[in-house]
Amino acid sequence: MKENFDVKLVENAKYYTPDAEYKRSSWIGDYQEAYRRFLADPDAFWETIARELEWIRPWDRVCEWTYPYARWFVNAQLNITANCLDRHVAGDRRNKVALIWRGEDGKERVYSYQRLLGEVSRFANGLKKLGVKKGDRVCIYMPMVPEQLIAMLACARIGAVHSVVFAGFGTSALNLRINDAEAKVVITADISIRRGKAIPLITIVQEAIVHAPSVEHVVIYRRRKEPPVELHPGREHDFYGIMEDVPAECPCETMDAEDPLFVLYTSGSTGTPKGVVHTCGGYMVGAYYSTKTVFDLKERDIYWCTADPGWITGHTYIVYGPLAVGATVFITEITPDYPDPGSWWKLIQEQQISVFYTAPTAIRTFMKVGEDWPNRYNLSSLRIIGSVGEPLNPEAFEWYYRVIGKSRCPIVDTWWQTETGMQMITTMVGEPMRPGFVGKPIPGVEVDVTDKNGNPVPPGTGGFLVIKRPWPSMLRTVYKNDARYRQYWETISGVYAAGDLAVKGSDGYIMVIGRADDIIIVSGHNIGTAEVESALVSHHAVAEAAVIGKPDAIKGNAIKAFVILRVGNTPSEKLTQDLIYHVRMTLGPVAVPHEIEFVDKLPKTRSGKIMRRVLKAKELGMDPGDISTLEE
Ligand code: PRX
């Protein structure tokens, strides 16, 4: 983590207070009171929530904390899908709509809880037929279709550990994730459809598994009918094919609360991506509780989170949280600009979406195209609107609040991470909102802003965002690399260092400023500078590369790469395009540099580390700070 930064907060104490009815009818009730209840007895607080769910065996203790390792709901047994599906089918929600999917061509598919349970059970039995057992890793690389959720839930049902890889990642990013997790099966689709174009996912998978010795089977959801992709006998299987001739029911595997539920890769500031491991019991409780209270989900809500299940936001707030709560979830492959910039507002009107959760980069893109687009549609069904992934700047807040929320809907700007598993800081529904600030820790979570030694910094001064006590849905380890897990708790002794810089206002509201390390958040996606640099260096013309994030009005940050060419290569527009293409093919479109500058030298420390901070300061015309370690 960098030690030198100087952020001072100019307090603009502007608040928006939602109608009192929001608070009166909210699940959380009075925020202050709920927070006090948590602090008075954290175990009792979480236990009360856990009791709302179904367990095969209850816990002996709520939390066992042996720094830096936590076990939650010790010795309890459960299956998360029993809570996401069976519980509702056995209760009053058998015919309730669990999932609505809309395709680009206007096709709609609707699943009741009963139907979803049936599909999940049959697909789970299909996986079993392929030899998938409890503890096996299964990679899911799929477009945003119901089959993606069915695959995730089927894994969870039989105790297989899913590793979902966002379908925007390229061959080598996928290969690395399959190999690190040693996935036995890859579940994919022939194509994904974006903006009227078919993107062949299967060919990316086929290339990615050439050097993936653990993979035994590939399951393909074949969308294209004419002609359907051919299956390689014995190795490739049809998604619906494996669901034939299997029992309609699949009993839930009994999982220990601490058994892994999934691995999800996230960029590290150095080296390869980290396989963040979440476990069954604590994750379920955190996902359920936060979904219910932060979105204040009610029985009649129709809920839409625009993320992809390939990210943590989709895991927790499309799949596990809303289904554990028993909500109606809407998903779509439709992008916000296709066929025109009104597509999402049209969907809100047609589907009568009441709770909507999106990202600041989307909001800023909408601001750019103007309010005429949303104004063409009736958005009065909206009740609560949310944001996640990067700072929601005050201008974007005001626009979102006024144009989409009609100065009526509370905005829940939620701060959290792949590692935290659930939302950690927000402004709970009903509380006064402060543009530019995420808000306060949700009841159950204790955070602070500190210096590098863990001492709280005074209000208004920048510091590191830390979490002061374990929480149920915290990551338990980094897959096959526990040393990297320990770093979270050892960087600042005794607390979890999130890696973000933040400022606390005198009212306790927290403003998140950005990353404190070499991770760049582009359109809300975590990109490690190291990953992009190594992709660039894998090109034959490149000797060395350094990558920085540059502020961008829409994307939050844009990637700029500085490249030293190998002898015999000369800079040209063609080479720039070749390098961009190369990164796109290896890492995927999410990690593509927006700008490439060819240079002869890179600023380095005497020990040879590239000083990205110096490059960035120079790029932005800022003071580079302490450069005493700079060579020459
Ligand atoms: O820097 C913070 C930023 O996103 C990082 C976590 O990224 P990821 O693990 O991909 O998870 C994203 C979705 C939960 C954080 O360290 N971040 C996330 N939400 C916010 C945010 N920054 C400011 N405000 C937010 N609401």
# chains A, B, ... in the order shown; residues from 1 in each chain; ligands from 1
call {"tool": "residues_around", "arguments": {"residues": "Val277 (chain A)", "least_positions_apart": "3", "cutoff": "6 Å", "atoms": "only C-alpha atoms", "output": "PyMOL selection string"}}
result
chain A and resi 263+475-478
call {"tool": "residues_around", "arguments": {"residues": "region 570-584 of chain A", "least_positions_apart": "3", "cutoff": "12 Å", "atoms": "only C-alpha atoms", "output": "ChimeraX atom specification"}}
result
/A:168-173,531-542,545,559-567,587-600
call {"tool": "atom_distance", "arguments": {"atom1": "CA of Asp623 (chain A)", "atom2": "CA of Ser267 (chain A)"}}
result
27.7 Å
call {"tool": "closest_atom_pairs", "arguments": {"of": "region 24-106 of chain A", "to": "region 432-455 of chain A", "cutoff": "9 Å", "atoms": "only C-alpha atoms", "output": "Markdown table"}}
result
| residue | atom | partner | partner_atom | distance |
| --- | --- | --- | --- | --- |
| A:Ile28 | CA | A:Pro443 | CA | 8.8 |
| A:Tyr31 | CA | A:Pro443 | CA | 7.5 |
| A:Gln32 | CA | A:Pro443 | CA | 8.5 |
| A:Ala34 | CA | A:Pro443 | CA | 6.1 |
| A:Tyr35 | CA | A:Pro443 | CA | 4.6 |
| A:Arg36 | CA | A:Pro443 | CA | 8.1 |
| A:Arg37 | CA | A:Pro443 | CA | 8.3 |
| A:Phe38 | CA | A:Gly444 | CA | 5.7 |
| A:Leu39 | CA | A:Gly444 | CA | 7.7 |
| A:Pro42 | CA | A:Gly444 | CA | 6.8 |
| A:Phe45 | CA | A:Gly444 | CA | 7.3 |
| A:Trp46 | CA | A:Gly444 | CA | 7.2 |
call {"tool": "write_last_selection", "arguments": {"atoms": "C-alpha atoms", "output": "PDB file, in the first residue's frame"}}
result
ATOM      1  CA  ILE A  28     -34.079  -2.731   9.405  1.00  0.00           C
ATOM      2  CA  TYR A  31     -30.649   2.187  11.781  1.00  0.00           C
ATOM      3  CA  GLN A  32     -29.069   3.580  14.941  1.00  0.00           C
ATOM      4  CA  ALA A  34     -30.138  -1.803  14.941  1.00  0.00           C
ATOM      5  CA  TYR A  35     -26.490  -0.797  15.009  1.00  0.00           C
ATOM      6  CA  ARG A  36     -26.508  -0.492  18.793  1.00  0.00           C
ATOM      7  CA  ARG A  37     -28.137  -3.907  19.049  1.00  0.00           C
ATOM      8  CA  PHE A  38     -25.334  -5.367  16.931  1.00  0.00           C
ATOM      9  CA  LEU A  39     -22.567  -3.725  18.961  1.00  0.00           C
ATOM     10  CA  PRO A  42     -22.569  -9.257  17.699  1.00  0.00           C
ATOM     11  CA  PHE A  45     -27.245 -10.191  16.270  1.00  0.00           C
ATOM     12  CA  TRP A  46     -26.086 -12.632  13.587  1.00  0.00           C
TER      13      TRP A  46
END
call {"tool": "residues_near_ligand", "arguments": {"ligand": "ligand 1", "cutoff": "9 Å", "atoms": "only C-alpha atoms and all ligand atoms", "output": "JSON, numbers by chain"}}
result
{"A": [266, 267, 311, 312, 313, 314, 359, 360, 387, 388, 389, 390, 391, 392, 393, 412, 413, 414, 415, 416, 417, 418, 419, 420, 421, 422, 423, 425, 426, 436, 437, 438, 498, 499, 500, 501, 502, 511, 512, 513, 514, 515, 516, 519, 520, 521, 524, 525, 526, 527]}
call {"tool": "write_last_selection", "arguments": {"atoms": "C-alpha atoms", "output": "short mmCIF file (atom, residue, chain, number, x, y, z; two decimals), in the first residue's frame"}}
result
data_model
loop_
_atom_site.label_atom_id
_atom_site.label_comp_id
_atom_site.auth_asym_id
_atom_site.auth_seq_id
_atom_site.Cartn_x
_atom_site.Cartn_y
_atom_site.Cartn_z
CA THR A 266 -10.38 -11.14 -8.57
CA SER A 267 -7.37 -9.11 -9.63
CA TRP A 311 -18.91 -10.96 -10.87
CA ILE A 312 -19.47 -11.09 -7.13
CA THR A 313 -22.35 -8.63 -7.51
CA GLY A 314 -24.18 -11.22 -9.59
CA ALA A 359 -23.12 0.80 -11.60
CA PRO A 360 -21.86 4.41 -11.70
CA SER A 387 -25.24 1.62 -7.14
CA VAL A 388 -22.08 -0.44 -6.78
CA GLY A 389 -18.57 -0.93 -8.08
CA GLU A 390 -16.84 2.43 -7.84
CA PRO A 391 -17.43 5.85 -6.33
CA LEU A 392 -20.76 7.39 -7.26
CA ASN A 393 -19.66 10.99 -7.77
CA VAL A 412 -28.39 2.82 -1.87
CA ASP A 413 -24.79 3.34 -2.91
CA THR A 414 -23.13 0.19 -1.63
CA TRP A 415 -19.46 -0.32 -0.91
CA TRP A 416 -18.14 -3.86 -0.79
CA GLN A 417 -15.78 -6.28 -2.54
CA THR A 418 -15.45 -9.78 -3.97
CA GLU A 419 -13.71 -10.57 -0.71
CA THR A 420 -16.43 -9.24 1.58
CA GLY A 421 -19.12 -11.33 -0.12
CA MET A 422 -21.83 -8.87 0.91
CA GLN A 423 -22.45 -5.14 1.07
CA ILE A 425 -21.20 0.23 3.81
CA THR A 426 -24.26 2.02 2.52
CA GLY A 436 -20.47 11.54 -2.74
CA PHE A 437 -20.61 9.42 0.40
CA VAL A 438 -21.51 5.74 0.50
CA ALA A 498 -9.68 -3.32 2.09
CA GLY A 499 -7.07 -1.69 -0.12
CA ASP A 500 -9.20 1.42 -0.57
CA LEU A 501 -8.59 5.01 0.43
CA ALA A 502 -11.41 6.77 2.22
CA MET A 511 -16.47 8.68 1.24
CA VAL A 512 -14.53 6.08 -0.73
CA ILE A 513 -11.90 7.71 -2.88
CA GLY A 514 -10.38 4.82 -4.78
CA ARG A 515 -7.82 2.06 -4.63
CA ALA A 516 -4.66 2.41 -2.56
CA ILE A 519 -5.60 -2.14 -9.09
CA ILE A 520 -7.46 -0.06 -11.64
CA ILE A 521 -11.24 0.03 -11.53
CA GLY A 524 -16.49 -0.98 -12.12
CA HIS A 525 -14.28 -3.93 -13.08
CA ASN A 526 -11.12 -4.70 -11.16
CA ILE A 527 -8.10 -4.84 -13.40
#
call {"tool": "select_by_dssp", "arguments": {"residues": "region 413-492 of chain A", "states": "helix (DSSP H, G or I)", "output": "number ranges by chain"}}
result
A: 482-490
call {"tool": "write_last_selection", "arguments": {"atoms": "N, CA, C and O atoms", "output": "mmCIF file, in the first residue's frame"}}
result
data_model
loop_
_atom_site.group_PDB
_atom_site.id
_atom_site.type_symbol
_atom_site.label_atom_id
_atom_site.label_comp_id
_atom_site.auth_asym_id
_atom_site.auth_seq_id
_atom_site.Cartn_x
_atom_site.Cartn_y
_atom_site.Cartn_z
ATOM 1 N N ASP A 482 -2.781 -19.342 0.798
ATOM 2 C CA ASP A 482 -3.246 -18.741 2.042
ATOM 3 C C ASP A 482 -2.401 -17.527 2.457
ATOM 4 O O ASP A 482 -2.895 -16.645 3.154
ATOM 5 N N ALA A 483 -1.154 -17.479 1.980
ATOM 6 C CA ALA A 483 -0.309 -16.325 2.330
ATOM 7 C C ALA A 483 -0.948 -15.044 1.818
ATOM 8 O O ALA A 483 -0.904 -13.999 2.481
ATOM 9 N N ARG A 484 -1.575 -15.143 0.649
ATOM 10 C CA ARG A 484 -2.227 -13.942 0.114
ATOM 11 C C ARG A 484 -3.471 -13.589 0.921
ATOM 12 O O ARG A 484 -3.871 -12.437 0.983
ATOM 13 N N TYR A 485 -4.105 -14.582 1.510
ATOM 14 C CA TYR A 485 -5.239 -14.290 2.396
ATOM 15 C C TYR A 485 -4.751 -13.514 3.621
ATOM 16 O O TYR A 485 -5.339 -12.518 4.020
ATOM 17 N N ARG A 486 -3.665 -13.994 4.184
ATOM 18 C CA ARG A 486 -3.164 -13.373 5.416
ATOM 19 C C ARG A 486 -2.830 -11.897 5.212
ATOM 20 O O ARG A 486 -2.988 -11.084 6.129
ATOM 21 N N GLN A 487 -2.398 -11.577 4.004
ATOM 22 C CA GLN A 487 -2.043 -10.181 3.734
ATOM 23 C C GLN A 487 -3.198 -9.209 4.032
ATOM 24 O O GLN A 487 -2.966 -8.086 4.450
ATOM 25 N N TYR A 488 -4.419 -9.665 3.794
ATOM 26 C CA TYR A 488 -5.556 -8.772 4.051
ATOM 27 C C TYR A 488 -5.596 -8.331 5.512
ATOM 28 O O TYR A 488 -5.998 -7.230 5.833
ATOM 29 N N TRP A 489 -5.199 -9.264 6.398
ATOM 30 C CA TRP A 489 -5.299 -8.987 7.830
ATOM 31 C C TRP A 489 -3.971 -8.551 8.441
ATOM 32 O O TRP A 489 -3.916 -8.177 9.603
ATOM 33 N N GLU A 490 -2.904 -8.679 7.661
ATOM 34 C CA GLU A 490 -1.588 -8.374 8.228
ATOM 35 C C GLU A 490 -0.988 -7.070 7.723
ATOM 36 O O GLU A 490 -0.039 -6.559 8.293
#
call {"tool": "select_by_dssp", "arguments": {"residues": "region 302-342 of chain A", "states": "strand (DSSP E or B)", "output": "ChimeraX atom specification"}}
result
/A:302-305,328-332
call {"tool": "residues_around", "arguments": {"residues": "Leu9 (chain A)", "least_positions_apart": "3", "cutoff": "8 Å", "atoms": "only C-alpha atoms", "output": "list in words"}}
result
Gly460, Thr461, Gly462, Val503 and Gly505 of chain A
call {"tool": "closest_residue", "arguments": {"among": "A:Ser192, A:Ser112, A:Thr316, A:Thr254", "to": "Met142 (chain A)", "atoms": "only C-alpha atoms"}}
result
A:Ser192
call {"tool": "residues_around", "arguments": {"residues": "Arg195 (chain A)", "least_positions_apart": "4", "cutoff": "12 Å", "atoms": "only C-alpha atoms", "output": "number ranges by chain"}}
result
A: 103-105, 199, 333-341, 343
call {"tool": "residues_around", "arguments": {"residues": "Pro470 (chain A)", "least_positions_apart": "2", "cutoff": "7 Å", "atoms": "only C-alpha atoms", "output": "list of chain:residue names"}}
result
A:Ala70, A:Pro472, A:Met474
call {"tool": "write_last_selection", "arguments": {"atoms": "C-alpha atoms", "output": "JSON list (two decimals), in the first residue's frame"}}
result
[["chain", "number", "residue", "atom", "x", "y", "z"],
["A", 70, "ALA", "CA", -12.80, -17.08, 11.29],
["A", 472, "PRO", "CA", -20.05, -14.05, 8.26],
["A", 474, "MET", "CA", -15.85, -12.76, 4.64]]
call {"tool": "closest_residue", "arguments": {"among": "A:Ile404, A:Ile178, A:Phe295, A:Glu52", "to": "Thr427 (chain A)", "atoms": "only C-alpha atoms"}}
result
A:Phe295
call {"tool": "residues_around", "arguments": {"residues": "region 368-385 of chain A", "least_positions_apart": "6", "cutoff": "6 Å", "atoms": "only C-alpha atoms", "output": "list in words"}}
result
Gly342, Trp345, Gln349, Gln352, Ile353, Ser354, Val355, Phe356, Tyr357, Cys409, Pro410 and Ile411 of chain A
call {"tool": "write_last_selection", "arguments": {"atoms": "N, CA, C and O atoms", "output": "PDB file, in the first residue's frame"}}
result
ATOM      1  N   GLY A 342     -32.549   3.872 -24.711  1.00  0.00           N
ATOM      2  CA  GLY A 342     -33.730   3.806 -23.855  1.00  0.00           C
ATOM      3  C   GLY A 342     -34.037   2.371 -23.433  1.00  0.00           C
ATOM      4  O   GLY A 342     -35.001   2.130 -22.701  1.00  0.00           O
ATOM      5  N   TRP A 345     -34.668   1.589 -19.696  1.00  0.00           N
ATOM      6  CA  TRP A 345     -35.826   2.299 -19.113  1.00  0.00           C
ATOM      7  C   TRP A 345     -37.108   1.667 -19.613  1.00  0.00           C
ATOM      8  O   TRP A 345     -38.095   1.574 -18.876  1.00  0.00           O
ATOM      9  N   GLN A 349     -40.096  -0.057 -17.341  1.00  0.00           N
ATOM     10  CA  GLN A 349     -41.524   0.209 -17.530  1.00  0.00           C
ATOM     11  C   GLN A 349     -42.292  -1.091 -17.787  1.00  0.00           C
ATOM     12  O   GLN A 349     -43.307  -1.369 -17.144  1.00  0.00           O
ATOM     13  N   GLN A 352     -42.122  -3.491 -14.791  1.00  0.00           N
ATOM     14  CA  GLN A 352     -42.536  -2.886 -13.516  1.00  0.00           C
ATOM     15  C   GLN A 352     -41.500  -3.153 -12.416  1.00  0.00           C
ATOM     16  O   GLN A 352     -41.835  -3.592 -11.306  1.00  0.00           O
ATOM     17  N   ILE A 353     -40.239  -2.892 -12.779  1.00  0.00           N
ATOM     18  CA  ILE A 353     -39.152  -3.097 -11.827  1.00  0.00           C
ATOM     19  C   ILE A 353     -39.336  -2.135 -10.650  1.00  0.00           C
ATOM     20  O   ILE A 353     -39.589  -0.945 -10.840  1.00  0.00           O
ATOM     21  N   SER A 354     -39.191  -2.665  -9.442  1.00  0.00           N
ATOM     22  CA  SER A 354     -39.343  -1.776  -8.286  1.00  0.00           C
ATOM     23  C   SER A 354     -38.019  -1.521  -7.561  1.00  0.00           C
ATOM     24  O   SER A 354     -37.850  -0.502  -6.913  1.00  0.00           O
ATOM     25  N   VAL A 355     -37.091  -2.461  -7.667  1.00  0.00           N
ATOM     26  CA  VAL A 355     -35.776  -2.241  -7.063  1.00  0.00           C
ATOM     27  C   VAL A 355     -34.729  -2.456  -8.153  1.00  0.00           C
ATOM     28  O   VAL A 355     -34.714  -3.510  -8.800  1.00  0.00           O
ATOM     29  N   PHE A 356     -33.891  -1.467  -8.358  1.00  0.00           N
ATOM     30  CA  PHE A 356     -32.958  -1.457  -9.493  1.00  0.00           C
ATOM     31  C   PHE A 356     -31.558  -1.186  -8.971  1.00  0.00           C
ATOM     32  O   PHE A 356     -31.350  -0.270  -8.189  1.00  0.00           O
ATOM     33  N   TYR A 357     -30.612  -2.017  -9.422  1.00  0.00           N
ATOM     34  CA  TYR A 357     -29.230  -1.941  -8.872  1.00  0.00           C
ATOM     35  C   TYR A 357     -28.260  -1.908 -10.042  1.00  0.00           C
ATOM     36  O   TYR A 357     -28.218  -2.848 -10.832  1.00  0.00           O
ATOM     37  N   CYS A 409     -37.071   8.147  -4.856  1.00  0.00           N
ATOM     38  CA  CYS A 409     -36.491   6.860  -4.464  1.00  0.00           C
ATOM     39  C   CYS A 409     -35.173   7.039  -3.714  1.00  0.00           C
ATOM     40  O   CYS A 409     -34.292   7.752  -4.181  1.00  0.00           O
ATOM     41  N   PRO A 410     -35.038   6.371  -2.577  1.00  0.00           N
ATOM     42  CA  PRO A 410     -33.728   6.369  -1.927  1.00  0.00           C
ATOM     43  C   PRO A 410     -32.687   5.702  -2.833  1.00  0.00           C
ATOM     44  O   PRO A 410     -32.995   4.738  -3.525  1.00  0.00           O
ATOM     45  N   ILE A 411     -31.472   6.245  -2.799  1.00  0.00           N
ATOM     46  CA  ILE A 411     -30.361   5.605  -3.496  1.00  0.00           C
ATOM     47  C   ILE A 411     -29.550   4.837  -2.466  1.00  0.00           C
ATOM     48  O   ILE A 411     -29.143   5.403  -1.449  1.00  0.00           O
TER      49      ILE A 411
END
call {"tool": "residues_around", "arguments": {"residues": "Leu297 (chain A)", "least_positions_apart": "3", "cutoff": "9 Å", "atoms": "only C-alpha atoms", "output": "list in words"}}
result
Ser26, Trp27, Thr291, Lys292, Thr293, Val294, Arg300, Asp301, Ile302, Tyr303, Pro322, Val325, Ala327 and Val355 of chain A
call {"tool": "write_last_selection", "arguments": {"atoms": "N, CA and C atoms", "output": "PDB file, in the first residue's frame"}}
result
ATOM      1  N   SER A  26     -39.469  -0.225   6.803  1.00  0.00           N
ATOM      2  CA  SER A  26     -38.273  -0.975   6.403  1.00  0.00           C
ATOM      3  C   SER A  26     -38.009  -2.165   7.321  1.00  0.00           C
ATOM      4  N   TRP A  27     -37.332  -3.171   6.757  1.00  0.00           N
ATOM      5  CA  TRP A  27     -36.967  -4.348   7.556  1.00  0.00           C
ATOM      6  C   TRP A  27     -36.020  -3.967   8.681  1.00  0.00           C
ATOM      7  N   THR A 291     -29.321  -8.545   1.343  1.00  0.00           N
ATOM      8  CA  THR A 291     -30.308  -8.369   0.274  1.00  0.00           C
ATOM      9  C   THR A 291     -31.637  -7.896   0.860  1.00  0.00           C
ATOM     10  N   LYS A 292     -32.013  -8.551   1.947  1.00  0.00           N
ATOM     11  CA  LYS A 292     -33.307  -8.240   2.556  1.00  0.00           C
ATOM     12  C   LYS A 292     -33.349  -6.818   3.121  1.00  0.00           C
ATOM     13  N   THR A 293     -32.266  -6.421   3.783  1.00  0.00           N
ATOM     14  CA  THR A 293     -32.337  -5.134   4.470  1.00  0.00           C
ATOM     15  C   THR A 293     -31.851  -3.955   3.622  1.00  0.00           C
ATOM     16  N   VAL A 294     -30.778  -4.140   2.843  1.00  0.00           N
ATOM     17  CA  VAL A 294     -30.249  -3.003   2.079  1.00  0.00           C
ATOM     18  C   VAL A 294     -31.216  -2.624   0.953  1.00  0.00           C
ATOM     19  N   ARG A 300     -43.726  -8.204  -2.918  1.00  0.00           N
ATOM     20  CA  ARG A 300     -44.238  -7.782  -4.224  1.00  0.00           C
ATOM     21  C   ARG A 300     -43.175  -7.172  -5.150  1.00  0.00           C
ATOM     22  N   ASP A 301     -41.962  -7.021  -4.661  1.00  0.00           N
ATOM     23  CA  ASP A 301     -40.940  -6.355  -5.475  1.00  0.00           C
ATOM     24  C   ASP A 301     -40.558  -7.169  -6.704  1.00  0.00           C
ATOM     25  N   ILE A 302     -40.224  -6.448  -7.767  1.00  0.00           N
ATOM     26  CA  ILE A 302     -39.570  -7.076  -8.909  1.00  0.00           C
ATOM     27  C   ILE A 302     -38.219  -6.411  -8.999  1.00  0.00           C
ATOM     28  N   TYR A 303     -37.200  -7.245  -8.869  1.00  0.00           N
ATOM     29  CA  TYR A 303     -35.862  -6.762  -8.581  1.00  0.00           C
ATOM     30  C   TYR A 303     -34.957  -7.005  -9.782  1.00  0.00           C
ATOM     31  N   PRO A 322     -31.096 -12.689  -3.435  1.00  0.00           N
ATOM     32  CA  PRO A 322     -32.515 -12.540  -3.759  1.00  0.00           C
ATOM     33  C   PRO A 322     -33.285 -13.859  -3.706  1.00  0.00           C
ATOM     34  N   VAL A 325     -34.017 -14.809  -0.219  1.00  0.00           N
ATOM     35  CA  VAL A 325     -35.098 -13.977   0.317  1.00  0.00           C
ATOM     36  C   VAL A 325     -36.454 -14.395  -0.278  1.00  0.00           C
ATOM     37  N   ALA A 327     -37.308 -13.598  -3.642  1.00  0.00           N
ATOM     38  CA  ALA A 327     -37.713 -12.468  -4.480  1.00  0.00           C
ATOM     39  C   ALA A 327     -37.972 -12.898  -5.918  1.00  0.00           C
ATOM     40  N   VAL A 355     -37.091  -2.461  -7.667  1.00  0.00           N
ATOM     41  CA  VAL A 355     -35.776  -2.241  -7.063  1.00  0.00           C
ATOM     42  C   VAL A 355     -34.729  -2.456  -8.153  1.00  0.00           C
TER      43      VAL A 355
END
call {"tool": "closest_residue", "arguments": {"among": "A:Val210, A:Trp304, A:Gly556, A:Glu11", "to": "Ala396 (chain A)", "atoms": "only C-alpha atoms"}}
result
A:Gly556
